[in-house]
Structure formats: C-alpha cells, structure tokens
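Remarks on the structure that follows.
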Amino acid sequence: MSENSVSPNFVELFVRSGKDGKCYGACPFCQRIFMILLLKANGDALTFRVTTVNPSKTPPEFKSISNRLPTLVHGTEVIKDNQEIVDYIDEHFPKPSLAYNSQAAEDVTLQVFSKYTFFLKDVALSPVGLQTELQKINDYLESVGTKFMCGDYLTHLDCMLLPKLQHIRVASQAYKGYQFPREFKHLWRYLHNAYQSDIFKKTCPSDQEIIYHWIDKADSAKLRKAEQEPKYGQEAPAQYSWEIPSGLSQI
C-alpha cells in the first residue's frame, strides 16, 4: 500500500478472491466498484490497483485495516461500506459523472436480486417471483429504448444491476435449470450491450467463479458432483456466458 502515500490520486480496491484463494472472485458488490473505478480512471486523475483477499485466510496486513470486502483505501482513508465507497469515489473523483436521474429505472431494479436469492435457496419453490422482476426490467427497457438503464452510457445504476444480472443468469441456470425467457427481448439486448462493453467484460468473473460463489448458499440446490466437475472444475478453461439468443442483439 506504499503507493498510496506517493500519489494522491491512487486508490487500492480490495476484493474477494476466487476458488483458489488468489484469482479474482465473483462478488457482485466488488465488481460494481471495479466497474466504477474503470469508468473513472481517465489519465492521471485516478489510478488504482485491485488486490484480491482470501476471506478464509485473511492476511494480517488486511485484517488490521478491515473485516469487509470490498474495501477501498485512499491514502489514510479506509472505506468499507459499499454505498460509502461509491459516494467517496464520486466526491474525490467526480469526473466523469455516473449519476442518473430516473426513479422509475431504480424502482424496477429493487427486488430482482432478493427474488433470485429466494429462488436459489428454495425459499421460493418456483421462479415466478424472479421472473416477475425480470419482466419489470424488460418492460422498462422497452419503454425507454436506450442501450442502458438511464441512457446510452453506463451509470451507477448499471454498475449495480449488471453484475447481479450476470450472477442470476449463470447461477440460476447451473443450480436450477432456469434460463431468462427468450421473449424478454429488451433484457437480452441490455445484456448484449453490456457484453460489448470493455468495462463490463474486464470486471466480469468467469462462470466457474460465479458457481463457486453460490455453492454454499444454494441450500438445497447444490450441483451434483458429476455435473459440477467437468464443466465448472478448476481444470476446465474459464467460461463466460456472454452469448445471447440469436436475433436479439438488435431490436
């Protein structure tokens, strides 16, 4: 962390490590901050480093400053709360602005992740609640006709929503056999636009890491070992679900 004291524009983001305890893991909240930093990193105004931390074997030097991930360090400042990290970055590195002004867009995103976790953990025995929330996002995107939630550019809302949608897509398929319906054309187009963005792709964890992230949380929906190892084992090449159904990239 010595570089922090050299440059006032340098920050370090500590994120959850992956299955091997070293590589970049699959935490949607960590990816959110990673996306924001990449969007803000223009020239020398902001430089940053992403450091992975194994929660099972936390290094003493990290344990001395924080017990949460993600954590942002800027000079002597240590910020641990997700929203406080976002606010801190905006305050100290305001350009480009990622602000949005659409309560309607925010409203349709509020429940989708909780409905997904209910479905994954068998609190909800069917995907109806999740699908209802996905339908709201699809219908909203149809009504506005933009590439992203609040325009043709990424905002804070997209940085929060897109990592969650990727987790929902990958883990719901792997654990529950649930796929986003093809008729959600505008949701698929939104994902396609994300997959065309270097900001999203550079920060997106592999499918294997997403599966691993949820394996202890999917209480009664665990992968059978025979299904897990060939496709999602550490020996398998990293896979990324960035494809969309044919004909849906342009609507």
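Scheme for the structure tokens: letters A, B, ... for chains in order shown; per-chain residue numbers from 1; ligand numbers from 1 in order shown.
Secondary structure from DSSP on the backbone puts strand (DSSP E or B) at the following positions of region 1-218 of chain A: A:Phe10, A:Val11, A:Glu12, A:Leu13, A:Phe14, A:Val15, A:Arg16, A:Ser17, A:Tyr24, A:Thr47, A:Phe48, A:Arg49, A:Val50, A:Thr51, A:Thr52, A:Val53, A:Thr71, A:Leu72, A:Val73, A:His74, A:Glu77, A:Val78, A:Ile79, A:Phe148, A:Gly151.
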Hey, which bits of region 53-144 of chain A sit within 10 Å of region 29-40 of chain A, and for each residue what's the closest pair of atoms and how far apart in Å (one decimal), counting only C-alpha atoms, rows by chain and increasing number, as a Markdown table?
| residue | atom | partner | partner_atom | distance |
| --- | --- | --- | --- | --- |
| A:Leu69 | CA | A:Cys30 | CA | 7.2 |
| A:Pro70 | CA | A:Cys30 | CA | 5.3 |
| A:Thr71 | CA | A:Cys30 | CA | 8.6 |
| A:Leu72 | CA | A:Ile33 | CA | 9.0 |
| A:Asn82 | CA | A:Phe29 | CA | 7.2 |
| A:Gln83 | CA | A:Ile33 | CA | 9.6 |
| A:Ile85 | CA | A:Ile33 | CA | 7.8 |
| A:Val86 | CA | A:Ile33 | CA | 7.1 |
| A:Ile89 | CA | A:Leu37 | CA | 8.0 |
| A:Asp90 | CA | A:Lys40 | CA | 8.9 |
| A:Phe93 | CA | A:Lys40 | CA | 7.0 |
| A:Pro94 | CA | A:Lys40 | CA | 8.0 |
| A:Lys95 | CA | A:Lys40 | CA | 6.4 |
| A:Pro96 | CA | A:Lys40 | CA | 6.0 |
| A:Ser97 | CA | A:Lys40 | CA | 8.2 |
| A:Leu98 | CA | A:Ile36 | CA | 8.2 |
What gap, in Å, lies between CA of Gln166 (chain A) and CA of Lys202 (chain A)? 13.6 Å
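In this comparison, which uses only C-alpha atoms, the residue of A:Ser206, A:Asn54, A:Ala41, A:Leu110 approaching Val15 (chain A) most closely is A:Asn54.
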Using only C-alpha atoms, which protein or nucleic acid residues come within 9 Å of Arg182 (chain A)? Drop anything in the same chain fewer than 4 positions from it, and give the result as a list of chain:residue names.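 Everything that qualifies: A:Trp188, A:Pro245, A:Leu248.
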Go ahead and dump the residues you just picked, all heavy atoms, as a PDB file, in the first residue's frame.
ATOM      1  N   TRP A 188     -32.486  -9.048 -22.870  1.00  0.00           N
ATOM      2  CA  TRP A 188     -31.373  -9.666 -23.596  1.00  0.00           C
ATOM      3  C   TRP A 188     -30.549  -8.619 -24.345  1.00  0.00           C
ATOM      4  O   TRP A 188     -29.318  -8.704 -24.399  1.00  0.00           O
ATOM      5  CB  TRP A 188     -31.905 -10.718 -24.574  1.00  0.00           C
ATOM      6  CG  TRP A 188     -32.220 -12.039 -23.955  1.00  0.00           C
ATOM      7  CD1 TRP A 188     -33.446 -12.628 -23.831  1.00  0.00           C
ATOM      8  CD2 TRP A 188     -31.291 -12.963 -23.378  1.00  0.00           C
ATOM      9  NE1 TRP A 188     -33.346 -13.847 -23.207  1.00  0.00           N
ATOM     10  CE2 TRP A 188     -32.032 -14.082 -22.921  1.00  0.00           C
ATOM     11  CE3 TRP A 188     -29.902 -12.954 -23.204  1.00  0.00           C
ATOM     12  CZ2 TRP A 188     -31.434 -15.182 -22.308  1.00  0.00           C
ATOM     13  CZ3 TRP A 188     -29.315 -14.041 -22.585  1.00  0.00           C
ATOM     14  CH2 TRP A 188     -30.060 -15.139 -22.150  1.00  0.00           C
ATOM     15  N   PRO A 245     -29.390 -15.184 -27.195  1.00  0.00           N
ATOM     16  CA  PRO A 245     -30.129 -15.888 -28.247  1.00  0.00           C
ATOM     17  C   PRO A 245     -30.034 -15.165 -29.588  1.00  0.00           C
ATOM     18  O   PRO A 245     -30.014 -13.931 -29.647  1.00  0.00           O
ATOM     19  CB  PRO A 245     -31.579 -15.891 -27.721  1.00  0.00           C
ATOM     20  CG  PRO A 245     -31.429 -15.796 -26.236  1.00  0.00           C
ATOM     21  CD  PRO A 245     -30.222 -14.919 -26.011  1.00  0.00           C
ATOM     22  N   LEU A 248     -31.399 -11.308 -31.200  1.00  0.00           N
ATOM     23  CA  LEU A 248     -31.854 -10.393 -30.148  1.00  0.00           C
ATOM     24  C   LEU A 248     -30.893  -9.254 -29.861  1.00  0.00           C
ATOM     25  O   LEU A 248     -31.162  -8.455 -28.977  1.00  0.00           O
ATOM     26  CB  LEU A 248     -32.142 -11.173 -28.860  1.00  0.00           C
ATOM     27  CG  LEU A 248     -33.251 -12.219 -28.929  1.00  0.00           C
ATOM     28  CD1 LEU A 248     -33.517 -12.794 -27.548  1.00  0.00           C
ATOM     29  CD2 LEU A 248     -34.532 -11.655 -29.531  1.00  0.00           C
TER      30      LEU A 248
END
Output as a PyMOL selection string all residues of region 2-250 of chain A that backbone DSSP marks as alpha helix (DSSP H). chain A and resi 28-40+60-63+82-92+103-107+112-120+128-144+156-176+185-195+198-203+207-214+225-232
I'd like a table as CSV: residues in region 97-174 of chain A with an atom no more than 10 Å from region 194-199 of chain A, each row giving the shortest atom pair and its distance in Å to one decimal, only C-alpha atoms counted, sorted by chain and rising residue number.
residue,atom,partner,partner_atom,distance
A:Lys147,CA,A:Ala194,CA,8.7
A:Phe148,CA,A:Ala194,CA,8.2
A:Tyr153,CA,A:Ser197,CA,10.0
A:Leu154,CA,A:Ala194,CA,8.9
A:Asp158,CA,A:Ala194,CA,9.0
A:Cys159,CA,A:Ile199,CA,9.6
A:Leu162,CA,A:Ala194,CA,7.5
A:Pro163,CA,A:Ala194,CA,9.9
Prev. selection, all heavy atoms, output as a PDB file, in the first residue's frame:
ATOM      1  N   LYS A 147     -29.729   2.036 -24.632  1.00  0.00           N
ATOM      2  CA  LYS A 147     -28.806   0.901 -24.531  1.00  0.00           C
ATOM      3  C   LYS A 147     -28.689   0.406 -23.095  1.00  0.00           C
ATOM      4  O   LYS A 147     -28.594  -0.798 -22.839  1.00  0.00           O
ATOM      5  CB  LYS A 147     -27.426   1.300 -25.048  1.00  0.00           C
ATOM      6  CG  LYS A 147     -27.351   1.532 -26.535  1.00  0.00           C
ATOM      7  CD  LYS A 147     -25.962   1.996 -26.961  1.00  0.00           C
ATOM      8  CE  LYS A 147     -24.918   0.903 -26.722  1.00  0.00           C
ATOM      9  NZ  LYS A 147     -23.579   1.322 -27.244  1.00  0.00           N
ATOM     10  N   PHE A 148     -28.699   1.355 -22.168  1.00  0.00           N
ATOM     11  CA  PHE A 148     -28.576   1.006 -20.757  1.00  0.00           C
ATOM     12  C   PHE A 148     -29.773   1.570 -19.998  1.00  0.00           C
ATOM     13  O   PHE A 148     -30.705   2.112 -20.604  1.00  0.00           O
ATOM     14  CB  PHE A 148     -27.234   1.499 -20.216  1.00  0.00           C
ATOM     15  CG  PHE A 148     -26.051   0.868 -20.909  1.00  0.00           C
ATOM     16  CD1 PHE A 148     -25.265   1.596 -21.792  1.00  0.00           C
ATOM     17  CD2 PHE A 148     -25.749  -0.466 -20.701  1.00  0.00           C
ATOM     18  CE1 PHE A 148     -24.189   1.005 -22.450  1.00  0.00           C
ATOM     19  CE2 PHE A 148     -24.681  -1.077 -21.344  1.00  0.00           C
ATOM     20  CZ  PHE A 148     -23.897  -0.334 -22.228  1.00  0.00           C
ATOM     21  N   TYR A 153     -25.256   5.163 -22.102  1.00  0.00           N
ATOM     22  CA  TYR A 153     -23.961   5.091 -21.423  1.00  0.00           C
ATOM     23  C   TYR A 153     -24.183   4.456 -20.054  1.00  0.00           C
ATOM     24  O   TYR A 153     -25.294   4.456 -19.511  1.00  0.00           O
ATOM     25  CB  TYR A 153     -23.378   6.502 -21.269  1.00  0.00           C
ATOM     26  CG  TYR A 153     -24.374   7.488 -20.718  1.00  0.00           C
ATOM     27  CD1 TYR A 153     -24.550   7.644 -19.342  1.00  0.00           C
ATOM     28  CD2 TYR A 153     -25.180   8.244 -21.579  1.00  0.00           C
ATOM     29  CE1 TYR A 153     -25.495   8.515 -18.838  1.00  0.00           C
ATOM     30  CE2 TYR A 153     -26.139   9.116 -21.080  1.00  0.00           C
ATOM     31  CZ  TYR A 153     -26.289   9.246 -19.713  1.00  0.00           C
ATOM     32  OH  TYR A 153     -27.246  10.101 -19.223  1.00  0.00           O
ATOM     33  N   LEU A 154     -23.123   3.913 -19.508  1.00  0.00           N
ATOM     34  CA  LEU A 154     -23.197   3.263 -18.199  1.00  0.00           C
ATOM     35  C   LEU A 154     -23.286   4.300 -17.082  1.00  0.00           C
ATOM     36  O   LEU A 154     -22.558   5.295 -17.089  1.00  0.00           O
ATOM     37  CB  LEU A 154     -21.973   2.382 -17.970  1.00  0.00           C
ATOM     38  CG  LEU A 154     -21.858   1.138 -18.865  1.00  0.00           C
ATOM     39  CD1 LEU A 154     -20.436   0.575 -18.793  1.00  0.00           C
ATOM     40  CD2 LEU A 154     -22.863   0.070 -18.460  1.00  0.00           C
ATOM     41  N   ASP A 158     -26.373   0.945 -13.646  1.00  0.00           N
ATOM     42  CA  ASP A 158     -25.899  -0.206 -14.417  1.00  0.00           C
ATOM     43  C   ASP A 158     -24.771  -0.935 -13.695  1.00  0.00           C
ATOM     44  O   ASP A 158     -24.710  -2.171 -13.726  1.00  0.00           O
ATOM     45  CB  ASP A 158     -25.411   0.248 -15.800  1.00  0.00           C
ATOM     46  CG  ASP A 158     -26.488   0.961 -16.584  1.00  0.00           C
ATOM     47  OD1 ASP A 158     -27.518   0.333 -16.898  1.00  0.00           O
ATOM     48  OD2 ASP A 158     -26.315   2.159 -16.876  1.00  0.00           O
ATOM     49  N   CYS A 159     -23.892  -0.183 -13.054  1.00  0.00           N
ATOM     50  CA  CYS A 159     -22.783  -0.813 -12.319  1.00  0.00           C
ATOM     51  C   CYS A 159     -23.301  -1.658 -11.161  1.00  0.00           C
ATOM     52  O   CYS A 159     -22.643  -2.635 -10.768  1.00  0.00           O
ATOM     53  CB  CYS A 159     -21.818   0.255 -11.800  1.00  0.00           C
ATOM     54  SG  CYS A 159     -20.914   1.123 -13.102  1.00  0.00           S
ATOM     55  N   LEU A 162     -25.930  -4.765 -13.455  1.00  0.00           N
ATOM     56  CA  LEU A 162     -25.377  -5.737 -14.405  1.00  0.00           C
ATOM     57  C   LEU A 162     -24.628  -6.892 -13.734  1.00  0.00           C
ATOM     58  O   LEU A 162     -24.816  -8.053 -14.129  1.00  0.00           O
ATOM     59  CB  LEU A 162     -24.491  -5.027 -15.427  1.00  0.00           C
ATOM     60  CG  LEU A 162     -25.250  -4.257 -16.510  1.00  0.00           C
ATOM     61  CD1 LEU A 162     -24.318  -3.350 -17.297  1.00  0.00           C
ATOM     62  CD2 LEU A 162     -25.991  -5.215 -17.445  1.00  0.00           C
ATOM     63  N   PRO A 163     -23.769  -6.640 -12.735  1.00  0.00           N
ATOM     64  CA  PRO A 163     -23.140  -7.789 -12.059  1.00  0.00           C
ATOM     65  C   PRO A 163     -24.169  -8.733 -11.434  1.00  0.00           C
ATOM     66  O   PRO A 163     -23.994  -9.958 -11.474  1.00  0.00           O
ATOM     67  CB  PRO A 163     -22.260  -7.120 -10.996  1.00  0.00           C
ATOM     68  CG  PRO A 163     -21.943  -5.776 -11.554  1.00  0.00           C
ATOM     69  CD  PRO A 163     -23.209  -5.356 -12.250  1.00  0.00           C
TER      70      PRO A 163
END
For CA of Asp207 (chain A) and CA of Gln239 (chain A), quote the distance in Å rounded to one decimal.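 For CA of Asp207 (chain A) relative to CA of Gln239 (chain A), the distance reads 5.5 Å.
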Would you kindly return, as a PyMOL selection string, each protein, DNA or RNA residue with an atom no farther than 12 Å from any atom of Lys19 (chain A), considering only C-alpha atoms and excluding same-chain residues fewer than 4 positions away? chain A and resi 23-27+52-56+205-215+232-235
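Using only C-alpha atoms, the smallest distance between any of A:Ile137, A:Ala171, A:Ala104, A:Val11 and Phe119 (chain A) comes from A:Ala171.
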Near-Ser126 (chain A) list (12 Å; only C-alpha atoms; drop same-chain fewer than 4 positions) as number ranges by chain: A: 115-122, 130-132, 172, 176-178
Would you put the residues from that selection into a file with all heavy atoms, as a compact mmCIF listing (two decimals), in the first residue's frame?
# COMPACT_ATOMS: atom_id res chain seq x y z
N LYS A 115 -35.35 -11.64 -5.00
CA LYS A 115 -36.19 -12.71 -5.54
C LYS A 115 -35.33 -13.85 -6.08
O LYS A 115 -35.70 -15.04 -5.97
CB LYS A 115 -37.10 -12.17 -6.64
CG LYS A 115 -38.11 -11.13 -6.17
CD LYS A 115 -39.07 -11.69 -5.13
CE LYS A 115 -40.12 -10.65 -4.74
NZ LYS A 115 -41.04 -11.15 -3.68
N TYR A 116 -34.19 -13.51 -6.64
CA TYR A 116 -33.25 -14.54 -7.10
C TYR A 116 -32.73 -15.37 -5.94
O TYR A 116 -32.71 -16.61 -6.01
CB TYR A 116 -32.09 -13.86 -7.85
CG TYR A 116 -30.80 -14.64 -7.83
CD1 TYR A 116 -30.65 -15.82 -8.54
CD2 TYR A 116 -29.72 -14.20 -7.06
CE1 TYR A 116 -29.45 -16.53 -8.51
CE2 TYR A 116 -28.52 -14.89 -7.03
CZ TYR A 116 -28.41 -16.06 -7.76
OH TYR A 116 -27.23 -16.77 -7.71
N THR A 117 -32.32 -14.73 -4.86
CA THR A 117 -31.78 -15.50 -3.72
C THR A 117 -32.86 -16.36 -3.09
O THR A 117 -32.58 -17.48 -2.65
CB THR A 117 -31.15 -14.57 -2.67
OG1 THR A 117 -32.11 -13.62 -2.21
CG2 THR A 117 -29.96 -13.82 -3.25
N PHE A 118 -34.10 -15.88 -3.05
CA PHE A 118 -35.20 -16.70 -2.53
C PHE A 118 -35.35 -17.96 -3.38
O PHE A 118 -35.57 -19.06 -2.85
CB PHE A 118 -36.52 -15.93 -2.54
CG PHE A 118 -36.59 -14.80 -1.54
CD1 PHE A 118 -37.57 -13.82 -1.67
CD2 PHE A 118 -35.71 -14.72 -0.48
CE1 PHE A 118 -37.66 -12.79 -0.76
CE2 PHE A 118 -35.78 -13.68 0.44
CZ PHE A 118 -36.76 -12.72 0.29
N PHE A 119 -35.27 -17.80 -4.69
CA PHE A 119 -35.41 -18.92 -5.61
C PHE A 119 -34.24 -19.89 -5.48
O PHE A 119 -34.42 -21.11 -5.40
CB PHE A 119 -35.52 -18.38 -7.04
CG PHE A 119 -35.59 -19.43 -8.11
CD1 PHE A 119 -36.48 -20.49 -8.02
CD2 PHE A 119 -34.78 -19.34 -9.23
CE1 PHE A 119 -36.55 -21.45 -9.02
CE2 PHE A 119 -34.84 -20.30 -10.23
CZ PHE A 119 -35.73 -21.36 -10.13
N LEU A 120 -33.04 -19.35 -5.41
CA LEU A 120 -31.85 -20.20 -5.33
C LEU A 120 -31.84 -21.02 -4.05
O LEU A 120 -31.46 -22.19 -4.05
CB LEU A 120 -30.59 -19.35 -5.42
CG LEU A 120 -29.29 -20.12 -5.61
CD1 LEU A 120 -29.18 -20.67 -7.02
CD2 LEU A 120 -28.08 -19.25 -5.30
N LYS A 121 -32.27 -20.41 -2.96
CA LYS A 121 -32.23 -21.07 -1.65
C LYS A 121 -33.50 -21.87 -1.33
O LYS A 121 -33.66 -22.37 -0.22
CB LYS A 121 -31.99 -20.03 -0.55
CG LYS A 121 -30.66 -19.32 -0.66
CD LYS A 121 -30.49 -18.31 0.46
CE LYS A 121 -29.13 -17.62 0.38
NZ LYS A 121 -28.91 -16.69 1.50
N ASP A 122 -34.39 -21.96 -2.33
CA ASP A 122 -35.64 -22.70 -2.16
C ASP A 122 -36.58 -22.07 -1.15
O ASP A 122 -37.49 -22.74 -0.64
CB ASP A 122 -35.38 -24.16 -1.78
CG ASP A 122 -34.90 -24.98 -2.97
OD1 ASP A 122 -35.09 -24.52 -4.11
OD2 ASP A 122 -34.33 -26.06 -2.76
N LEU A 130 -39.02 -14.20 -9.31
CA LEU A 130 -37.85 -13.69 -10.05
C LEU A 130 -38.26 -13.25 -11.44
O LEU A 130 -37.86 -12.17 -11.90
CB LEU A 130 -36.78 -14.78 -10.12
CG LEU A 130 -35.61 -14.53 -11.07
CD1 LEU A 130 -34.85 -13.27 -10.66
CD2 LEU A 130 -34.68 -15.74 -11.10
N GLN A 131 -39.05 -14.08 -12.11
CA GLN A 131 -39.43 -13.75 -13.48
C GLN A 131 -40.26 -12.47 -13.54
O GLN A 131 -40.15 -11.69 -14.49
CB GLN A 131 -40.19 -14.93 -14.09
CG GLN A 131 -40.37 -14.81 -15.60
CD GLN A 131 -40.40 -16.16 -16.28
OE1 GLN A 131 -39.50 -16.97 -16.14
NE2 GLN A 131 -41.47 -16.41 -17.03
N THR A 132 -41.08 -12.25 -12.52
CA THR A 132 -41.86 -11.01 -12.47
C THR A 132 -40.95 -9.79 -12.43
O THR A 132 -41.20 -8.78 -13.12
CB THR A 132 -42.79 -11.02 -11.24
OG1 THR A 132 -43.72 -12.09 -11.36
CG2 THR A 132 -43.55 -9.71 -11.12
N SER A 172 -28.58 -19.35 -11.79
CA SER A 172 -29.92 -19.91 -11.93
C SER A 172 -29.93 -21.06 -12.94
O SER A 172 -30.62 -22.06 -12.76
CB SER A 172 -30.91 -18.83 -12.37
OG SER A 172 -31.11 -17.88 -11.36
N LYS A 176 -30.53 -24.39 -11.00
CA LYS A 176 -31.97 -24.59 -11.08
C LYS A 176 -32.47 -24.94 -12.48
O LYS A 176 -33.65 -25.22 -12.68
CB LYS A 176 -32.70 -23.32 -10.63
CG LYS A 176 -32.53 -23.01 -9.15
CD LYS A 176 -33.36 -23.97 -8.32
CE LYS A 176 -33.57 -23.45 -6.91
NZ LYS A 176 -34.55 -24.25 -6.17
N GLY A 177 -31.58 -24.84 -13.48
CA GLY A 177 -32.01 -25.09 -14.85
C GLY A 177 -32.91 -24.00 -15.39
O GLY A 177 -33.64 -24.21 -16.37
N TYR A 178 -32.86 -22.81 -14.77
CA TYR A 178 -33.71 -21.70 -15.20
C TYR A 178 -32.94 -20.78 -16.13
O TYR A 178 -31.81 -20.38 -15.84
CB TYR A 178 -34.20 -20.89 -13.99
CG TYR A 178 -34.96 -19.64 -14.38
CD1 TYR A 178 -36.28 -19.72 -14.79
CD2 TYR A 178 -34.34 -18.39 -14.36
CE1 TYR A 178 -36.98 -18.57 -15.17
CE2 TYR A 178 -35.03 -17.25 -14.73
CZ TYR A 178 -36.35 -17.35 -15.14
OH TYR A 178 -37.02 -16.23 -15.52
Selection near Asn138 (chain A), 6 Å with only C-alpha atoms, sequence-local residues under 4 positions removed, as a PyMOL selection string: chain A and resi 184+186-187
Among listed residues A:Val170, A:Val73, A:Met160, A:Leu165, nearest Leu13 (chain A) (using only C-alpha atoms):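 For Leu13 (chain A), the nearest of the given residues is A:Val73.
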